[in-house]
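Following: one structure in structure tokens, then a few remarks.
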Amino acid sequence: MFEFRILLRKDILILLNNIKLILKNPLRLLPYGGLLAYFFFIYTMRMKSRPEESGIQTPDLEGIPEVNFAWQNVIGGITILALSFFVFQLYRATKKNISFFKMADVNLLFTAPVKPENILIYYMARSILPALGGSMLFLFYGASQLADQFELTAGNIIFLVLGFALFFFMIFPLRFLIYTLHTKYGIMNYIKTGVSIMGVALGLMILIPGLMAEKFWQGMFSWVSSPWFNFFPIVGWSRGIMSYVWEQNVILSSCFLMLYGLAYYTVVKLVIQFSGYYYEDVLEATKSNEEKIEKVRGKKQASEASFSMNAKKQLALPDFGVGAKAFYWRNYVHSSRQDFHPLFGIYSLTMTGLGILFATLSRFDWFSHKMFYGYLVVLFVFYFMAGIGRASVGDLKKPFFILIPASWSAKFWNMIKLDLFQILLFSGLMIIPSVFIAELNWAIIPLFLLGMLGFYLIGFSINLIPQIALEESWDRILIKPLLIGGIFIFGIIPSGVASILIFVLTKKFVFGLLTLVLGVAFVTAILLHVTLDVIKKVEFKEV
């Protein structure tokens, strides 16, 4: 117990020092104050529009003969997203270990006269704090938007926060346990097989009920959204905890909390029993995490050979000129080595095939067109994340970026021109035949192309601007998340909500997509203007 008090005191001193550092410049707190003011404003506006009888009215799927497919698919869709994330994290555990530490902790703690198991127990328990913080931030925003639908009581807040936080918190001890068992017994192949079987079984839970129903979309989530699925470990338990909001059954939600407590105790006991001298594995994972952070901050150059299919491929290219054009052709060569063709490769071919497959199946009423629409939204998110990753590697990391004799705007556009060509080619080859196969509105074609470009450029800009514009590392750590959050809260999320409302009111996806693209285009124009303005400062920064 004395060792735990020492570790706790160490973290308290670090927290106090960071608070003192922040208070030296109180202006850094203004974005947080603005964020809280926004949440409070939205909350009060929603409260004014609340009807006399508030609360989420959910159908009793067992007490009525008519099934509410809309509610069933919402619950099932969210559950599938959580399950996909859960299975993906378990699969990642078969690739590499995780770490609860930073290099500063390693240098301080691993050489200290403290029992290794006590250090591991303390840091595993401490990892719930980031999960609680993220859950509370999500709750504040969600509660402000849904204040007219349910009461923000103490019970609702507690169970919602715990449901979100415990889901993300429990994943990391499980991943650590998986790698620990592999280190001791070498059973990684069996674990991979088990995770794969679980993924296939979950897919069958959607496929089989969907095929048995009159329409695929009516039955695809019938089992996953049922109350019995609340007993599925981790994902179901979290849903059971959060069910307090609409069921108000404190005993049932508390039982799921007890299941989490029992599972965590079991995992910790197994980790301590089998981890042994875990320092070597943790050191490797900690060092890898530190290198990723340094690459994001620009302190260490990221390798562009990542995911290359043939990094040593030889190319015979003509003389491609001087100036900013060199960036385009340099990316062309690199893209040629990443895939079998610089403009359209195996990854694009796979995603194109999936889109055409969804369109074909919806044409023959295997499921609703909504599944195809959902795939388009997934592609928006995918290329948004691709834009974020693009800002961390590439030409900006090269010292010759500032030396090439060309305007800053020319350098910027040639740096991303190949990416834009790839996006347009892939999007066109996927959306054009899909629209005609599924007999959709032809206006979806140009709107989808513009949306793909917009989401990619937004992702690229929101990661690039803070790296160049902010002076100090602490400003980047504190303000960068708020800048990104502000773009989401005031730009992307309102556009998404407006597009959903338009879609619900008109029953026309093309009108919802038009609303989304208009909002995204407005955000893209602002961010590109800021990017072109701040990129001139790149020679004075480490990006």
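In the structure tokens, the first chain shown is A, the next is B, and so on; residue numbers restart at 1 for each chain, and ligands run from 1 in the order shown.
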
What's around region 106-123 of chain A at 7 Å? Count only C-alpha atoms, leave out sequence neighbours fewer than 3 positions away in its own chain, and write the answer as a tab-separated table (two decimals) with N, CA, C and O atoms, in the first residue's frame.
```
chain	number	residue	atom	x	y	z
A	3	GLU	N	3.70	1.64	-1.48
A	3	GLU	CA	4.19	1.87	-2.84
A	3	GLU	C	3.12	2.53	-3.71
A	3	GLU	O	3.42	3.40	-4.53
A	4	PHE	N	1.86	2.15	-3.53
A	4	PHE	CA	0.78	2.79	-4.28
A	4	PHE	C	0.65	4.26	-3.91
A	4	PHE	O	0.37	5.11	-4.78
A	100	PHE	N	1.14	0.85	-20.89
A	100	PHE	CA	0.48	1.87	-20.09
A	100	PHE	C	1.45	2.98	-19.69
A	100	PHE	O	1.10	3.88	-18.94
A	101	PHE	N	2.69	2.92	-20.20
A	101	PHE	CA	3.76	3.79	-19.73
A	101	PHE	C	4.25	4.71	-20.84
A	101	PHE	O	3.99	4.51	-22.02
A	102	LYS	N	4.99	5.74	-20.43
A	102	LYS	CA	5.78	6.58	-21.31
A	102	LYS	C	7.24	6.38	-20.96
A	102	LYS	O	7.57	5.82	-19.91
A	103	MET	N	8.12	6.87	-21.83
A	103	MET	CA	9.54	6.67	-21.59
A	103	MET	C	9.99	7.34	-20.30
A	103	MET	O	10.88	6.83	-19.60
A	126	ARG	N	-5.01	3.17	-13.38
A	126	ARG	CA	-4.97	4.60	-13.74
A	126	ARG	C	-5.43	4.85	-15.17
A	126	ARG	O	-5.86	5.96	-15.51
A	127	SER	N	-5.36	3.83	-16.02
A	127	SER	CA	-5.75	4.02	-17.41
A	127	SER	C	-7.23	4.29	-17.59
A	127	SER	O	-7.67	4.62	-18.70
A	272	ILE	N	-1.15	-10.64	-13.55
A	272	ILE	CA	-0.11	-10.70	-12.52
A	272	ILE	C	0.47	-12.10	-12.43
A	272	ILE	O	1.68	-12.28	-12.23
```

Nearby residues (only C-alpha atoms) at most 12 Å from Ile78 (chain A), same-chain spacing under 5 positions excluded, as a short mmCIF file (atom, residue, chain, number, x, y, z; two decimals) with N, CA, C and O atoms, in the first residue's frame:
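Just written: out-v3.cif:
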```cif
data_model
loop_
_atom_site.label_atom_id
_atom_site.label_comp_id
_atom_site.auth_asym_id
_atom_site.auth_seq_id
_atom_site.Cartn_x
_atom_site.Cartn_y
_atom_site.Cartn_z
N TRP A 71 -35.91 1.78 -34.78
CA TRP A 71 -35.23 1.72 -33.49
C TRP A 71 -34.32 0.50 -33.41
O TRP A 71 -33.21 0.56 -32.90
N GLN A 72 -34.81 -0.62 -33.95
CA GLN A 72 -34.00 -1.84 -33.93
C GLN A 72 -32.70 -1.67 -34.70
O GLN A 72 -31.63 -2.09 -34.25
N ASN A 73 -32.76 -1.03 -35.87
CA ASN A 73 -31.57 -0.84 -36.67
C ASN A 73 -30.63 0.18 -36.08
O ASN A 73 -29.40 0.08 -36.24
N LEU A 83 -18.93 -3.60 -31.64
CA LEU A 83 -18.38 -4.94 -31.79
C LEU A 83 -17.20 -4.95 -32.76
O LEU A 83 -16.20 -5.64 -32.52
N SER A 84 -17.32 -4.21 -33.84
CA SER A 84 -16.23 -4.16 -34.82
C SER A 84 -14.98 -3.57 -34.17
O SER A 84 -13.86 -4.08 -34.38
N PHE A 85 -15.15 -2.51 -33.41
CA PHE A 85 -14.01 -1.91 -32.72
C PHE A 85 -13.41 -2.90 -31.71
O PHE A 85 -12.18 -3.02 -31.60
N PHE A 221 -30.52 -6.85 -37.97
CA PHE A 221 -30.11 -6.54 -36.61
C PHE A 221 -31.07 -7.11 -35.56
O PHE A 221 -31.03 -6.70 -34.41
N VAL A 224 -28.90 -9.02 -32.87
CA VAL A 224 -27.89 -8.19 -32.23
C VAL A 224 -28.52 -7.10 -31.36
O VAL A 224 -27.97 -6.72 -30.33
N SER A 225 -29.70 -6.61 -31.76
CA SER A 225 -30.35 -5.54 -31.00
C SER A 225 -31.29 -6.07 -29.92
O SER A 225 -31.90 -5.27 -29.19
N VAL A 235 -19.13 -5.44 -24.79
CA VAL A 235 -20.03 -4.62 -25.61
C VAL A 235 -21.44 -4.67 -25.06
O VAL A 235 -22.08 -3.63 -24.84
N GLY A 236 -21.96 -5.86 -24.83
CA GLY A 236 -23.31 -6.00 -24.29
C GLY A 236 -23.42 -5.45 -22.88
O GLY A 236 -24.44 -4.85 -22.52
N SER A 238 -21.79 -2.95 -21.55
CA SER A 238 -21.87 -1.49 -21.61
C SER A 238 -23.25 -1.04 -22.06
O SER A 238 -23.81 -0.07 -21.53
N ARG A 239 -23.81 -1.73 -23.04
CA ARG A 239 -25.17 -1.38 -23.47
C ARG A 239 -26.17 -1.62 -22.36
O ARG A 239 -27.13 -0.85 -22.19
#
```

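Omitting region 372-389 of chain A and its sequence neighbours fewer than 6 positions away, and counting only C-alpha atoms, the residues within 6 Å are Phe358, Met452, Phe455, Tyr456, Gly459, Phe460 and Asn463 of chain A.
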
Using only C-alpha atoms, which residue out of A:Ser362, A:Ser243, A:Gly261, A:Lys96 lies closest to Leu160 (chain A)?
-> A:Ser243

Atomic separation - CA of Ile178 (chain A) relative to CA of Tyr190 (chain A), Å | 10.9 Å

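Atom pair CA of Leu424 (chain A) / CA of Gly77 (chain A) has a distance of 29.1 Å (rounded to one decimal).
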
Closest of A:Met242, A:Ala213, A:Ala443, A:Leu270 to Lys508 (chain A) - atom-to-atom distances counting only C-alpha atoms | A:Ala443

Long-range neighbours of Phe169 (chain A) as a list in words, 10 Å cut-off, only C-alpha atoms, 4 positions minimum in chain = Met124, Ala125, Arg126, Ser127, Ile128, Leu129, Pro130, Ala131, Leu132, Leu162, Phe164, Ala165, Pro173, Leu174 and Tyr264 of chain A

Emit the selected residues as a JSON list (two decimals), in the first residue's frame, including C-alpha atoms.
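Output file again_10.json follows:
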```json
[["chain", "number", "residue", "atom", "x", "y", "z"],
["A", 124, "MET", "CA", -3.66, -0.50, -15.33],
["A", 125, "ALA", "CA", -6.10, 1.05, -12.86],
["A", 126, "ARG", "CA", -4.97, 4.60, -13.74],
["A", 127, "SER", "CA", -5.75, 4.02, -17.41],
["A", 128, "ILE", "CA", -9.45, 4.48, -16.61],
["A", 129, "LEU", "CA", -8.91, 8.24, -16.21],
["A", 130, "PRO", "CA", -8.53, 9.01, -19.96],
["A", 131, "ALA", "CA", -11.57, 6.84, -20.66],
["A", 132, "LEU", "CA", -13.61, 8.74, -18.06],
["A", 162, "LEU", "CA", -19.61, 4.40, -16.82],
["A", 164, "PHE", "CA", -18.76, 4.44, -22.26],
["A", 165, "ALA", "CA", -15.70, 4.60, -20.02],
["A", 173, "PRO", "CA", -6.10, -4.93, -19.95],
["A", 174, "LEU", "CA", -7.58, -7.60, -22.23],
["A", 264, "TYR", "CA", -11.49, -6.69, -14.37]]
```

Just the residues within 9 Å of Tyr260 (chain A), please, counting only C-alpha atoms, with nothing from its chain fewer than 4 positions along; format it as a compact mmCIF listing (two decimals) with all heavy atoms, in the first residue's frame.
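Now in out15.txt:
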```
# COMPACT_ATOMS: atom_id res chain seq x y z
N LEU A 166 -16.08 2.31 -19.24
CA LEU A 166 -15.65 0.95 -18.95
C LEU A 166 -15.40 0.15 -20.23
O LEU A 166 -14.55 -0.73 -20.26
CB LEU A 166 -16.71 0.25 -18.09
CG LEU A 166 -16.80 0.74 -16.65
CD1 LEU A 166 -17.96 0.08 -15.93
CD2 LEU A 166 -15.49 0.49 -15.90
N MET A 170 -11.70 -1.34 -20.51
CA MET A 170 -11.48 -2.78 -20.35
C MET A 170 -10.71 -3.38 -21.51
O MET A 170 -10.09 -4.44 -21.37
CB MET A 170 -12.85 -3.47 -20.22
CG MET A 170 -12.77 -4.88 -19.68
SD MET A 170 -12.18 -4.90 -17.97
CE MET A 170 -11.86 -6.66 -17.79
N PRO A 233 -20.10 -10.28 -23.56
CA PRO A 233 -19.06 -9.60 -22.76
C PRO A 233 -18.64 -8.26 -23.34
O PRO A 233 -18.56 -8.07 -24.56
CB PRO A 233 -17.90 -10.61 -22.79
CG PRO A 233 -18.55 -11.94 -23.02
CD PRO A 233 -19.73 -11.66 -23.91
N ILE A 234 -18.40 -7.31 -22.47
CA ILE A 234 -17.88 -5.97 -22.74
C ILE A 234 -18.90 -5.13 -23.52
O ILE A 234 -19.47 -4.19 -22.97
CB ILE A 234 -16.52 -6.01 -23.47
CG1 ILE A 234 -15.58 -7.00 -22.76
CG2 ILE A 234 -15.92 -4.63 -23.52
CD1 ILE A 234 -15.31 -6.70 -21.33
N TRP A 237 -22.40 -5.65 -22.07
CA TRP A 237 -22.45 -5.13 -20.71
C TRP A 237 -22.55 -3.61 -20.68
O TRP A 237 -23.32 -3.04 -19.90
CB TRP A 237 -21.21 -5.57 -19.94
CG TRP A 237 -21.08 -7.07 -19.79
CD1 TRP A 237 -22.04 -8.00 -20.08
CD2 TRP A 237 -19.94 -7.80 -19.34
NE1 TRP A 237 -21.57 -9.27 -19.85
CE2 TRP A 237 -20.28 -9.18 -19.38
CE3 TRP A 237 -18.67 -7.44 -18.92
CZ2 TRP A 237 -19.38 -10.17 -19.01
CZ3 TRP A 237 -17.77 -8.43 -18.54
CH2 TRP A 237 -18.14 -9.78 -18.59
N SER A 238 -21.79 -2.95 -21.55
CA SER A 238 -21.87 -1.49 -21.61
C SER A 238 -23.25 -1.04 -22.06
O SER A 238 -23.81 -0.07 -21.53
CB SER A 238 -20.81 -0.93 -22.57
OG SER A 238 -19.52 -1.05 -22.01
N CYS A 255 -26.05 -4.73 -11.97
CA CYS A 255 -25.56 -6.10 -12.18
C CYS A 255 -24.51 -6.14 -13.30
O CYS A 255 -23.50 -6.85 -13.19
CB CYS A 255 -26.72 -7.03 -12.51
SG CYS A 255 -27.82 -7.37 -11.11
N PHE A 256 -24.74 -5.36 -14.36
CA PHE A 256 -23.73 -5.30 -15.43
C PHE A 256 -22.45 -4.63 -14.94
O PHE A 256 -21.35 -4.99 -15.36
CB PHE A 256 -24.30 -4.57 -16.64
CG PHE A 256 -25.32 -5.36 -17.40
CD1 PHE A 256 -26.65 -4.99 -17.42
CD2 PHE A 256 -24.95 -6.51 -18.08
CE1 PHE A 256 -27.59 -5.72 -18.12
CE2 PHE A 256 -25.88 -7.26 -18.79
CZ PHE A 256 -27.22 -6.86 -18.80
N TYR A 264 -12.75 -7.42 -14.56
CA TYR A 264 -11.49 -6.69 -14.37
C TYR A 264 -10.63 -7.37 -13.31
O TYR A 264 -9.41 -7.51 -13.49
CB TYR A 264 -11.78 -5.25 -13.96
CG TYR A 264 -10.53 -4.45 -13.71
CD1 TYR A 264 -9.70 -4.08 -14.75
CD2 TYR A 264 -10.17 -4.07 -12.42
CE1 TYR A 264 -8.54 -3.35 -14.53
CE2 TYR A 264 -9.02 -3.34 -12.18
CZ TYR A 264 -8.21 -2.99 -13.24
OH TYR A 264 -7.06 -2.28 -13.01
N TYR A 265 -11.24 -7.81 -12.23
CA TYR A 265 -10.48 -8.50 -11.17
C TYR A 265 -9.85 -9.78 -11.72
O TYR A 265 -8.67 -10.07 -11.45
CB TYR A 265 -11.41 -8.84 -10.01
CG TYR A 265 -10.76 -9.65 -8.92
CD1 TYR A 265 -9.93 -9.05 -7.97
CD2 TYR A 265 -10.97 -11.03 -8.83
CE1 TYR A 265 -9.32 -9.81 -6.97
CE2 TYR A 265 -10.37 -11.79 -7.84
CZ TYR A 265 -9.54 -11.17 -6.92
OH TYR A 265 -8.93 -11.92 -5.94
```

For Pro433 (chain A): contacts at 10 Å, only C-alpha atoms, fewer than 2 positions along chain excluded, given as a tab-separated table (two decimals) with N, CA and C atoms, in the first residue's frame:
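Result went into around_3.tsv, see below:
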```tsv
chain	number	residue	atom	x	y	z
A	352	THR	N	-13.88	-0.27	-54.58
A	352	THR	CA	-14.78	-0.11	-55.72
A	352	THR	C	-15.68	-1.33	-55.87
A	355	GLY	N	-18.45	-1.32	-53.26
A	355	GLY	CA	-19.51	-0.38	-53.58
A	355	GLY	C	-20.44	-0.90	-54.65
A	356	ILE	N	-19.89	-1.45	-55.72
A	356	ILE	CA	-20.72	-2.00	-56.80
A	356	ILE	C	-21.51	-3.20	-56.31
A	359	ALA	N	-24.46	-1.91	-54.33
A	359	ALA	CA	-25.45	-1.37	-55.25
A	359	ALA	C	-26.23	-2.48	-55.95
A	360	THR	N	-25.53	-3.54	-56.34
A	360	THR	CA	-26.19	-4.66	-57.03
A	360	THR	C	-27.17	-5.37	-56.11
A	428	GLY	N	-15.04	8.11	-58.99
A	428	GLY	CA	-15.81	8.04	-60.23
A	428	GLY	C	-16.06	6.61	-60.67
A	429	LEU	N	-15.04	5.76	-60.62
A	429	LEU	CA	-15.19	4.37	-61.05
A	429	LEU	C	-16.13	3.60	-60.13
A	430	MET	N	-16.26	4.03	-58.88
A	430	MET	CA	-17.14	3.34	-57.96
A	430	MET	C	-18.57	3.87	-58.03
A	431	ILE	N	-18.75	5.20	-58.05
A	431	ILE	CA	-20.09	5.77	-57.90
A	431	ILE	C	-20.88	5.75	-59.21
A	435	VAL	N	-24.53	4.01	-59.19
A	435	VAL	CA	-25.76	4.82	-59.29
A	435	VAL	C	-26.69	4.26	-60.35
A	436	PHE	N	-26.15	3.87	-61.50
A	436	PHE	CA	-27.00	3.35	-62.57
A	436	PHE	C	-27.48	1.94	-62.28
A	437	ILE	N	-26.65	1.14	-61.61
A	437	ILE	CA	-27.08	-0.22	-61.25
A	437	ILE	C	-28.22	-0.17	-60.25
A	438	ALA	N	-28.07	0.66	-59.21
A	438	ALA	CA	-29.10	0.74	-58.16
A	438	ALA	C	-30.24	1.68	-58.52
A	439	GLU	N	-30.17	2.31	-59.70
A	439	GLU	CA	-31.21	3.22	-60.17
A	439	GLU	C	-31.42	4.37	-59.19
A	445	ILE	N	-23.76	11.48	-58.12
A	445	ILE	CA	-22.40	11.32	-58.67
A	445	ILE	C	-21.54	12.55	-58.39
```

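Pairwise distance (CA of Leu90 (chain A), CA of Arg175 (chain A)) equals 6.2 Å.
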
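Among the candidates A:Leu207, A:Leu13, A:Leu505, A:Val517, the one nearest to Leu449 (chain A) when counting only C-alpha atoms is A:Val517.
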
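Each of A:Trp223, A:Phe86, A:Phe232, A:Trp413 was compared to Phe172 (chain A) using only C-alpha atoms, and A:Phe86 turns out to be the nearest.
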
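Checking A:Ala104, A:Leu418, A:Ala263, A:Leu252 one by one against Phe167 (chain A), counting only C-alpha atoms, you find the shortest gap at A:Ala263.
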